[in-house]
Structure formats: C-alpha cells, structure tokens
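Chemist: Here it is, the structure in full.
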Amino acid sequence: MDRDLLRQSLNYHGPSLLSLLRSEQQDNPHFRSLLGSAAEPARGPPPQQQLQGRKEKRVDNIEIQKFISKKADLLFALSWKSDAPATSEVNEDNEDGYAIMPPLEQFMEIPSMDRRELFFRDIERGDIVIGRISSIREFGFFMVLICLGSGIIRDISHLEITALCPLRDVPSHSNHGDPLSYYQTGDIIRAGIKDIDRYHEKLAVSLYSSSLPPHLSGIKLGVISSEELPLYYRKSVELNTNSLESYENIMQSSLGFANPGVVEFLLGKLGIDESNPPSLMRGLQSKNFSEDDFASALRKKQSASWALKCVKIGVDYFKVGRHVDAMNEYNKALEIDKQNVEALVARGALYATKGSLNKAIEDFELALENCPTHRNARKYLCQTLVERGGQLEEEEKFLNAESYYKKALALDETFKDAEDALQKLHKYMQKSLELREKQAEKEEKQKTKKIETSAEKLRKLLKEEKRLKKKRRKSTSSSSSVSSADESGSSSSSSSSSGHKRHKKHRRNRSESSRSSKRHSANKASSSQIDQNRKEEFFPVPTNTLASFLNQKQEVEKLLEKQDRLPYQKKQVKEKDRCPASSSSVEIPDDFGGRSEDPRDFYTQASSSKTEKPYKSEKHFSSRRDSSDSFYRNSEDKVKTYGYRRFEKDTEGRKEHYRRWEPGSVRHSTSPASSDYSHRSVEKYKKYTYSGSRDFSRHEQRYQLNKNQGEYQIEDNYEEDIKTEAPEADGLTSKEQSESGVKKNLPQNLLNIFNQIAAFEKEKGNKPKN
Amino acid sequence: QWRGGGGLGGTLDSKSSPTCFLLVGVKLGMQSIAIATACTIYHKFFCEINLDAYDPYLVAMSSLYLAGKVEEQHLRTRDIINVSNRYFHPDSEPLELDSHFWALRDSIVQCELLLLRVLRFHVSFQHPHKYLLHYLISLKNWLNRYSWQRTPISVTAWALLRDSYHGGLCLRFRAQHIAVAVLHLALQAYGVEVPAEAEAEKPWWQVFSDDLTKPIIDNIVSDLIQIYTMDTEIP
C-alpha cells in the first residue's frame with residue numbers, strides 16, 4: 001500500500017471515505033493495519049478542522065468515494081505505478097510525435113501572481129531556461145526568462161522573471177579578454193538553472209553544461225537563434241495573438257495529433273505499459289493471466305499437435321513405402337512447426353533410408369539441438385554418421401570418415417559400430433599407405449612415359465573441352481554424352497555433347513582426362529599412377545558396413561539406371577555435394593571399376609562383347625580402361641548416330657552366336673514375346689539381351705529378390721536394349737522402387753545381383769565356345 | 001443497464017462478451033485502440049440488432065477480427081478462436097484443426113461481412129485515447145512534477161478508459177468528454193487538485209472541451225462507476 005497516496009486521498013475526501021474504506025476493505029490485512037493508524041489522526045481535531053472548509057464542495061461525490069473504497073486495494077497498490085522516467089525531458093522543437101500544446105494555464109487564464117508563485121515552486125536545479133539578456137554588468141549578465149527548455153512547460157514570458165548569470169559561469173570564447181564581451185543585450189540565451197532562491201524569487205543560471213543533469217549534458221548552452229526556441233513557446237505566442245483559439249482546435253490542427261503512432265508514443269512518454277495493460281476490473285488483472293492463455297502460446301501448442309499429426313500420417317505412409325507422401329507430410333509438419341523434433345527425426349530417418357545421409361545428419365542434429373534428450377534422434381544420428389563415414393571411406397576421404405566416426409562416438413561412447421569402424425579405418429589407412437608407397441614405386445617405373453603423354457593429352461583435351469563447352473552453350477542439344485553419363489562430375493561438363501561422329505573420339509578421351517583431372521580437383525592425395533592401380537588397391541576395402549552395402553547397391557543401380565538418368569545429370573551434380581551417395585559422385589566410377597568387377601564384365605559382355613575389338617583399335621589408352629570404356633559405350637547408346645553404327649556392328653557380330661545361343665535362351669525364357677523378335681536382326685539383338693535379362697529374373701526369383709526390383713531390372717534392361725529414350729518418370733519411379741525395396745533386403749539384394757552377374761558371365765563365357 | 005446503446009436486448013450474463021473482449025484482446029496482444037474499436041463495433045452492432053438474433057460471442061470474435069483490420073493490427077482468426085476457446089473452456093487443449101474449426105473460422109468471416117453491412121461500413125471511430133494522452137501531457141506540465149511522479153494518474157486514467165469499453169459509453173458520449181471524465185475520476189481518486197484551479201477563469205476540463213459541462217462529466221463518471229459493479233460478478 002502506498003500510504004502517502006492514501007493519506008492524500010483521505011485528506012481530500014474527508015472522513016466519509018475513511019469510513020467507507022473501513023467497511024469495504026476490512027478483509028484486506030494491509031488496509032486494516034493502515035487504516036488503523038490513519039484512523040487515529042483522522043479522529044483527532046486538527047484534520048477535521050482542515051476538512052471542514054472543503055466539505056460543502058464534496059457533497060456530490062459520495063459515488064466516487066464508494067468507488068475509491070471499493071478499488072482502494074488496486075488504486076493504492078505499490079505496483080500501480082507508471083514506469084515513466086523520473087528525469088526531466090527536453091521540450092521538443094518539433095512535433096513529429098504528438099501535438100505539442102501551449103501551456104494549460106494559458107487557456108485557463110490563471111492570474112500572473114499564481115503563475116509566478118507556481119513557477120518558483122516547481123522550477124528545479126538543472127532545468128534549462130531560455131531568456132533574453134536584459135543588461136550586462138561587470139559581474140555577469142541578467143536575462144529575462146521567456147520560456148523553459150526542459151522539465152516543465154510553463155507560460156512565463158509575461159512574468160518578468162529575471163535570472164543572473166554570474167561571470168564565473170560564463171565560459172570565455174577566447175584566451176584573453178572579457179568573456180562577457182561576446183554577449184549583447186537582447187541575445188537569446190539558453191542556460192541551466194544553477195541556484196534557486198524560492199523565497200526571494202531569485203534565480204542563478206550557468207552557461208556551463210555541468211549545471212545540467214548528465215542526460216542533458218549534450219545540449220548546447222549559450223546564445224541560440226529564435227528558431228531553436230521550443231515549439232510550445234512559439235505556439236504559446238501564437239495563442240497570445242489570437243486568444244480565441246481553443247485547445248481542441250489547436251490540437252486537432254496540429255500535425256502530431258494526426259500521427260498514427262501518437263498513442264504508442266505518448267504511452268511511452270507517460271510510462272503506461274500496453275503489453276501489460278492496467279485495469280481496475282478484478283477479472284482483468286493481468287498479473288492473474290496465465291502465460292499459457294496467450295495467443296502465441298496457444299498457437300504454438302496447437303501447431304505442435306498439428307505437426308505431430310502430420311508426422312504420424314507421414315510415418316504411416318513411410319511404413320507402406322510411400323516415401324514421397326511421407327516426405328510431404330514431414331515437410332508440412334516442419335512448415336507448421338519449424339522446430340518439431342519428431343518431424344525432424346522422422347524426416348532424417350527418411351533421408352537416411354533414401355541415402356541422403358548428409359541431409360539426414362542435418363535433421364538429426366537439429367532435432368538433438370532442440371531436444372538434447374531425444375533418444376531416437378541420438379541413436380539415428382550415430383548410425384547415420386557411421387554410415388556416412390563408411391561412404392566417405394569408400395570415397396577415399398579417410399580423414400572425413402574418421403571425423404564422422406569420432407562424432408558418432410562423441411555422441412554415444414558405447415556405440416560399438418562406430419568404434420569398430422574407426423579402428424578398421426585406422427588399420428586400413430596404415431595398410432593402404434604402405435601399399436601405395438610400394439605401388440607408386442612400381443608404377444612410376446613402368447608408366448612414366450605413358451603418363452607424360454597422357455598428361456599432355458589431358459591438357460589438349462581440356463582445351464578442347466572448353467571449346468566444346470562454348471559451342472554447347474549455344475546449341476541446346478539434349479542428347480547426352482558418355483562422359484557426363486558416367487561421371488556427371490565437376491569438370492566434365494554436365495551438358496551433353498552433340499552426337500556427331502567426329503566427336504566420338506574426343507569425347508572418350510575427354511572423359512578419360514576429366515576423370516583424372518577431377519581427381520585432382522577433388523583434392524586427393526593419390527596421384528594418377530595410383531589411380532590406375534586402384535583396381536587392385538581397392539578391392540580389399542572392408543565392405544561390411546551398411547554404408548558400403550548401400551554404396552554398392554547404388555553402383556549397381558546406377559549401372560541399371562544410367563541411361564534413364566541422363567536427363568537428371570544436372571540435378572545430380574547439384575545434389576552431389578549434399579548427398580553423394582545418391583548421385584554419381586566422382587569416385588564411384590572408379591570404385592565401380594575396382595570393386596564391382598562383375599557388373600563391369602556384365603556390361604562389357606552383355607551389350608558390346610563383339611564390338612569391343614573395333615573400338616579398341618580406336619583407343620589411345622591402355623586396355624586398363626576397358627571397363628570404363630565399355631561403360632561409356634554402353635551409355636552412349638543414346639547418342640543415336642554412334643549408337644546406331646555400333647548397333648549395326650553389334651547385330652552383325654551377334655547374329656551368328658545369337659542363333660547358336662537361341663535355343664537355350666528360348667528355353668530359359670518364360671516370355672512368349674521373345675520369339676516374336678527372332679527374325680529381324682535388330683530385334684534379335686534386343687532379344688539377345690532381353691533373354692539375358694530374363695535370365696536375371698530367374699535368378700532373382702531363385703533368390704527371392706524383391707519383386708519390384710526384379711521387374712525394374714528387366715524393364716530397364718529392356719528399354720536400354722531396344723534403344724528407346726527412357727521416359728523421365730520411368731527413371732524416377734524405378735529408382736524409387738529399387739530404393740524403397742532395398743532397405744531390408746540390402747545385403748541379399750547385392751548378393752543376388754552379383755550372383756546374376758556371375759551366372760550371366762558364365763553363360764557368356766561359355767557361349768563363344770559353343 | 002450498463003450495456004448502454006439504448007437498452008436494446010436483455011442483459012448479458014457474467015461472462016458477457018465485452019468482458020471477453022478485453023480479456024481476449026489482451027491475450028491476443030492487441031493494443032488499446034484496436035480493442036476499443038472492437039468494442040465499439042460490437043456495441044454498435046447490438047444497438048442496431050436485437051441481442052437475441054445473433055450469438056454475441058461470434059459477433060465478439062468477428063468484431064475483434066474486423067477491428068484488427070481497421071486498426072492495422074491484423075489478427076489471425078486462428079488466434080482469435082484459440083484464445084476465445086480457451087476463455088470459455090479454461091484449461092482445455094487448443095482445438096484440433098478439423099472441419100469444425102474451419103467452419104468456425106468461416107462463420108467468423110461471414111459474420112464480419114454482416115457487421116460491415118449492419119454498420120454501413122462505418123467502422124472507423126474517434127476514440128478518447130488520443131485525447132486523454134494529450135490531456136495528460138498538458139496536465140503533467142501544469143502539476144508539480146513530484147506530485148505527478150508520485151501519483152499514478154496516467155495509469156489510472158488509462159485503466160478507467162479501457163474499462164469503460166465494457167459498457168456502451170463510447171456510443172453515447174463524445175470522445176473528448178469521456179477522456180476528460182476519466183481524467184477527472186483519476187484525479188479525484190487520488191485527491192489531486194489542479195493548481196490554482198480556484199483562481200482560473202476557466203476550469204481545466206472546460207479548456208479541453210468547450211462544449212463540456214459539469215453534469216456531463218458527472219454522468220459519465222457515474223456510468224463508468226456503474227460499469228464496475230459488474231466486476232464483482234466476474235469470478
């Protein structure tokens with residue numbers, strides 16, 4: 001309770017309020033003690049006498065007194081205060097904020113006597129006053145005040161209040177001479193009040209800013225121009241010339257009154273808190289409001305539950321393999337509630353399933369950030385980190401891999417996989433280092449010459465490539481080139497070359513060169529010699545992590561898809577950095593050449609066994625590149641002219657042994673359609689591979705491979721062979737299908753594929769003998 | 001009754017909509033002006049139309065929504081529904097975003113159009129707030145600064161003005177008059193006298209509004225105090 005305020009009110013309203021307060025607030029312990037003490041003097045004669053004179057004035061306000069007594073606990077609460085700053089403010093010389101009005105007493109027409117009295121009551125040290133110099137003496141100058149510069153706004157221009165500015169308070173403007181010589185009678189001076197003699201009504205002012213309170217010390221004291229006079233004074237002068245003007249008119253015609261932000265501005269000035277608005281209603285006491293009831297809290301809560309609902313739907317989609325729908329739901333959930341931990345974890349899991357390990361890691365990490373105790377987020381993050389580490393290991397980024405493993409271990413010290421992987425990595429790094437040294441020595445001796453030439457060629461080809469790129473920029477040919485199909489990397493342009501025959505050679509060379517140049521750009525420690533030996537080197541890479549399975553899966557997949565994927569190259573290049581696992585990163589073709597020898601053979605033999613020789617003659621490089629070359633050639637099927645030529649060769653070459661082989665394939669084939677193709681040469685070729693892929697499916701069935709994927713393989717091979725432009729959608733769906741099917745069957749899947757390949761190879765190998 | 005507006009319709013129960021206005025408005029983070037506009041829209045609407053014809057709570061929510069637009073403090077219907085729902089069903093969970101919710105939202109929007117038509121698109125009002133704040137500044141400069149500092153006149157006046165919107169005061173009196181009356185009551189409550197009032201040619205309240213008379217102030221003050229009698233009914 002604010003005793004002073006209560007006393008003030010009681011003094012004003014008299015004993016009737018006191019008795020009302022007693023009856024109204026008797027339950028309030030604060031008031032009981034207070035009123036007890038306040039009641040004593042109230043009963044005594046002195047206050048009674050004081051109040052008697054006023055009594056007849058207060059007859060009508062019994063209603064108000066009742067109101068006061070009812071609300072006394074709120075009205076006189078200590079917290080019931082404005083938080084306006086107690087410091088005096090400068091009187092503005094513009095009215096951007098609000099309507100600055102002439103002083104109230106000017107409208108009320110209060111006699112000068114009272115104004116003067118009140119001025120000397122209310123003026124304080126440190127206030128700024130503005131006046132005109134009336135006379136200059138040797139001990140200082142006198143000024144007649146015309147208005148006030150800070151603190152209060154009063155109309156004092158007619159009160160003839162003089163103030164003395166002593167010589168010692170006048171700063172000198174030059175090193176010598178009288179400081180007063182600078183001033184003239186009639187100058188408008190801004191000065192700070194230094195001393196007040198309220199009884200004798202005398203003022204002393206100073207021109208040193210030390211006379212002002214600290215927050216006003218920036219204000220320049222001394223001579224000012226008439227433009228610097230406060231606005232209130234100018235308005236007051238205006239009002240004096242036209243005293244008929246009403247307060248309302250002046251206010252409404254003022255610019256500041258129309259300011260749309262005037263309410264906020266003045267609330268701030270008066271110290272009223274709008275975010276915590278005052279009310280005398282008991283039901284509206286903001287201190288009783290629960291934070292939970294506010295709009296933002298409710299919205300947050302609602303959004304969270306809505307997002308969770310979406311996550312649930314998403315998880316259901318995920319369970320039935322509708323990954324795109326699931327992703328949409330997760331994204332929706334995160335749109336609704338950006339920080340939704342469940343949605344982040346679920347999306348991360350989906351990313352991980354789809355092979356976008358980096359994205360998955362991002363999501364998991366964000367989820368853990370928001371909810372460090374989320375167990376699933378931690379678990380998944382560890383697993384994904386190890387997986388990603390495995391990938392990086394295969395990509396030769398051993399140091400990165402190591403950091404991922406370590407990160408996983410930092411998250412969960414007991415995570416065995418990470419520890420194992422880390423140890424294995426360390427062992428392997430040591431071994432490979434030794435191996436490399438040895439190999440490098442050997443290779444250097446053997447290949448010095450070759451490398452030089454190839455390096456030269458490389459330079460030439462890079463130039464050529466630049467030239468081609470320029471050309472290509474002009475032509476918007478959509479046919480794809482081999483190099484981009486295989487590598488879709490950085491230096492080999494993702495845009496395709498034209499299908500001109502004469503470019504064929506260059507193209508192949510280019511892909512060679514870009515391959516090695518890329519490796520350099522990828523900041524690999526390994527030199528090109530080592531690259532050439534990677535086949536041997538990388539064969540024994542430990543591939544027992546899930547990540548490596550994933551990786552291999554994708555390689556095989558990539559083989560199957562690479563034709564379909566051509567239109568997506570650009571996209572993949574973009575994605576490369578974020579999810580190298582799902583795109584064909586730089587290293588994969590090499591890895592492929594090294595680790596998955598079988599698929600390579602499969603391709604070599606399946607699609608171009610016969611044509612290999614004629615192309616070999618064209619090659620400038622060693623047959624070491626066979627795998628990748630055939631790879632290219634295979635993909636080059638798309639390039640029509642080239643593919644067609646080769647195709648003719650293929651069919652020519654194959655006709656004979658196809659015929660020989662035909663009975664067997666027919667026997668294998670379950671499809672009656674295959675016989676339809678048996679007469680025309682073109683179709684024979686088709687059928688040749690087609691039946692081969694049929695063969696696959698047989699194997700697949702034997703190994704109980706995921707059916708979707710089996711179908712996809714058939715479809716893909718089929719399409720590849722009959723040289724249709726693969727529709728875009730096909731590529732997408734097939735990719736998704738295969739990926740969706742992969743999660744659980746992964747090792748088995750791989751096994752299947754390798755088995756098929758092996759079987760096919762065997763057949764192929766047997767074929768010529770037959 | 002306290003509701004003003006010519007006494008159309010019956011009285012509201014203790015959870016009357018105007019009360020919910022201020023409460024809901026605060027929890028929506030609305031400014032005083034926007035809440036005042038919402039209340040004015042509401043009161044005006046039920047001046048024109050019998051209270052039984054429409055659900056006052058729906059009208060209240062739509063008024064808030066419309067006021068948010070008028071005063072450029074745009075509110076989202078979802079927030080309005082959430083806070084209102086919470087007000088009527090304390091401790092309940094926020095509504096699910098199902099068809100029921102969207103239906104509620106649609107009815108608010110529909111009702112907003114109804115309000116606009118009933119009010120003939122006159123939804124921009126002169127509120128006493130601006131006047132009151134200027135009066136307070138003028139008065140502050142005439143009063144002794146320590147006396148001003150000690151006495152929470154501005155807070156009290158602001159609170160009284162906000163609370164006045166529980167009733168239909170805003171429809172029956174000029175904004176300036178309400179502002180002066182509110183200020184008068186705040187000064188009275190703390191027993192603060194305007195210096196040299198007795199010697200002045202013109203009383204301070206007359207300065208602020210020429211057409212204001214003492215009886216008008218007394219009327220407004222009396223109405224204002226009346227509004228607080230329903231306060232005790234609010235739990």
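Labels used: A, B, ... for chains in the order of the structure tokens, numbers from 1 for residues in each chain, and numbers from 1 for ligands as shown.
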Enumerate, as a ChimeraX atom specification, the complete set of residues in region 1-184 of chain B that a backbone-based DSSP assignment places in helix (DSSP H, G or I).
Modeler: /B:5-7,17-27,32-48,56-70,77-88,99-118,128-142,145-150,153-166,169-172,175-184
Chemist: With 7 Å as the limit and counting only C-alpha atoms, what residues in chain B lie close to chain A? Please list them as a PyMOL selection string.
Modeler: chain B and resi 23+27-29+31+79+82-83+86+94+130+133+138-139+141-142+144+151-152+154-155+159-160+163+189-191+196+199-204+207-209+225+228+231+234-235
Chemist: Could you save the residues just selected, with C-alpha atoms, as a compact mmCIF listing (two decimals), in the first residue's frame?
Modeler:
```
# COMPACT_ATOMS: atom_id res chain seq x y z
CA LEU B 23 -9.56 -10.27 -21.86
CA LYS B 27 -4.21 -12.20 -24.70
CA LEU B 28 -4.10 -11.57 -28.41
CA GLY B 29 -1.63 -8.79 -27.72
CA GLN B 31 -3.48 -2.53 -28.47
CA ASP B 79 -5.51 -16.97 -32.71
CA ASN B 82 -7.82 -20.31 -29.82
CA VAL B 83 -7.89 -17.60 -27.21
CA ARG B 86 -9.54 -21.02 -24.00
CA PRO B 94 -6.42 -25.95 -28.22
CA LYS B 130 -5.59 10.11 -28.16
CA LEU B 133 -3.00 11.20 -23.61
CA SER B 138 -0.80 19.11 -20.63
CA LEU B 139 -1.81 18.44 -17.08
CA ASN B 141 3.23 20.14 -17.19
CA TRP B 142 0.98 22.23 -15.01
CA ASN B 144 4.19 19.83 -9.73
CA THR B 151 0.52 9.82 -8.19
CA PRO B 152 -0.36 7.20 -10.80
CA SER B 154 -1.98 8.40 -16.04
CA VAL B 155 -2.13 4.68 -15.31
CA ALA B 159 -7.22 1.78 -16.95
CA LEU B 160 -10.53 3.57 -16.47
CA ASP B 163 -12.56 -0.49 -18.66
CA ALA B 189 -9.37 9.10 -6.73
CA TYR B 190 -6.04 10.40 -5.51
CA GLY B 191 -7.33 13.69 -4.25
CA ALA B 196 -4.73 27.42 -8.96
CA GLU B 199 -8.28 31.31 -9.39
CA ALA B 200 -8.64 30.23 -13.01
CA GLU B 201 -11.12 31.91 -15.33
CA LYS B 202 -11.83 28.59 -16.97
CA PRO B 203 -11.81 25.21 -15.27
CA TRP B 204 -9.28 22.79 -16.70
CA VAL B 207 -10.22 24.04 -21.60
CA PHE B 208 -10.03 20.58 -23.06
CA SER B 209 -13.52 20.66 -24.44
CA ILE B 225 -18.54 3.59 -11.86
CA TYR B 228 -17.51 -1.65 -12.18
CA ASP B 231 -16.89 -6.52 -11.84
CA ILE B 234 -16.80 -11.89 -12.66
CA PRO B 235 -15.15 -14.81 -10.98
```
Chemist: Taking into account only C-alpha atoms, which residue in the set B:Ser107, B:Leu212, B:Gly167, B:Leu161 is nearest to Thr229 (chain B)?
Modeler: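 Smallest separation from Thr229 (chain B) among the options: B:Gly167.
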Chemist: Might you pull out every residue within 10 Å of region 37-46 of chain B, with only C-alpha atoms counted and same-chain residues fewer than 6 positions away left off, and present them as number ranges by chain?
Modeler: B: 3-9, 17-19, 21-22, 25, 52-54, 56-57, 59-68, 70-71, 114-119, 122-127, 164-171
Chemist: Enumerate as a PyMOL selection string all residues of region 73-220 of chain A assigned to strand (DSSP E) by DSSP on the backbone, naming them with the chain letters and numbers the document uses.
Modeler: chain A and resi 128-137+140-148+162-166+188-197+202-206
Chemist: Suppose you want the space between CA of Asp91 (chain B) and CA of Leu75 (chain B); what is it in Å?
Modeler: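 Interatomic distance here is 22.7 Å.
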Chemist: Write out as a VMD selection string each polymer residue whose atoms come within 9 Å of Asn85 (chain B), counting only C-alpha atoms; drop sequence neighbours fewer than 5 positions from it.
Modeler: chain B and resid 80 90 92 94 to 95
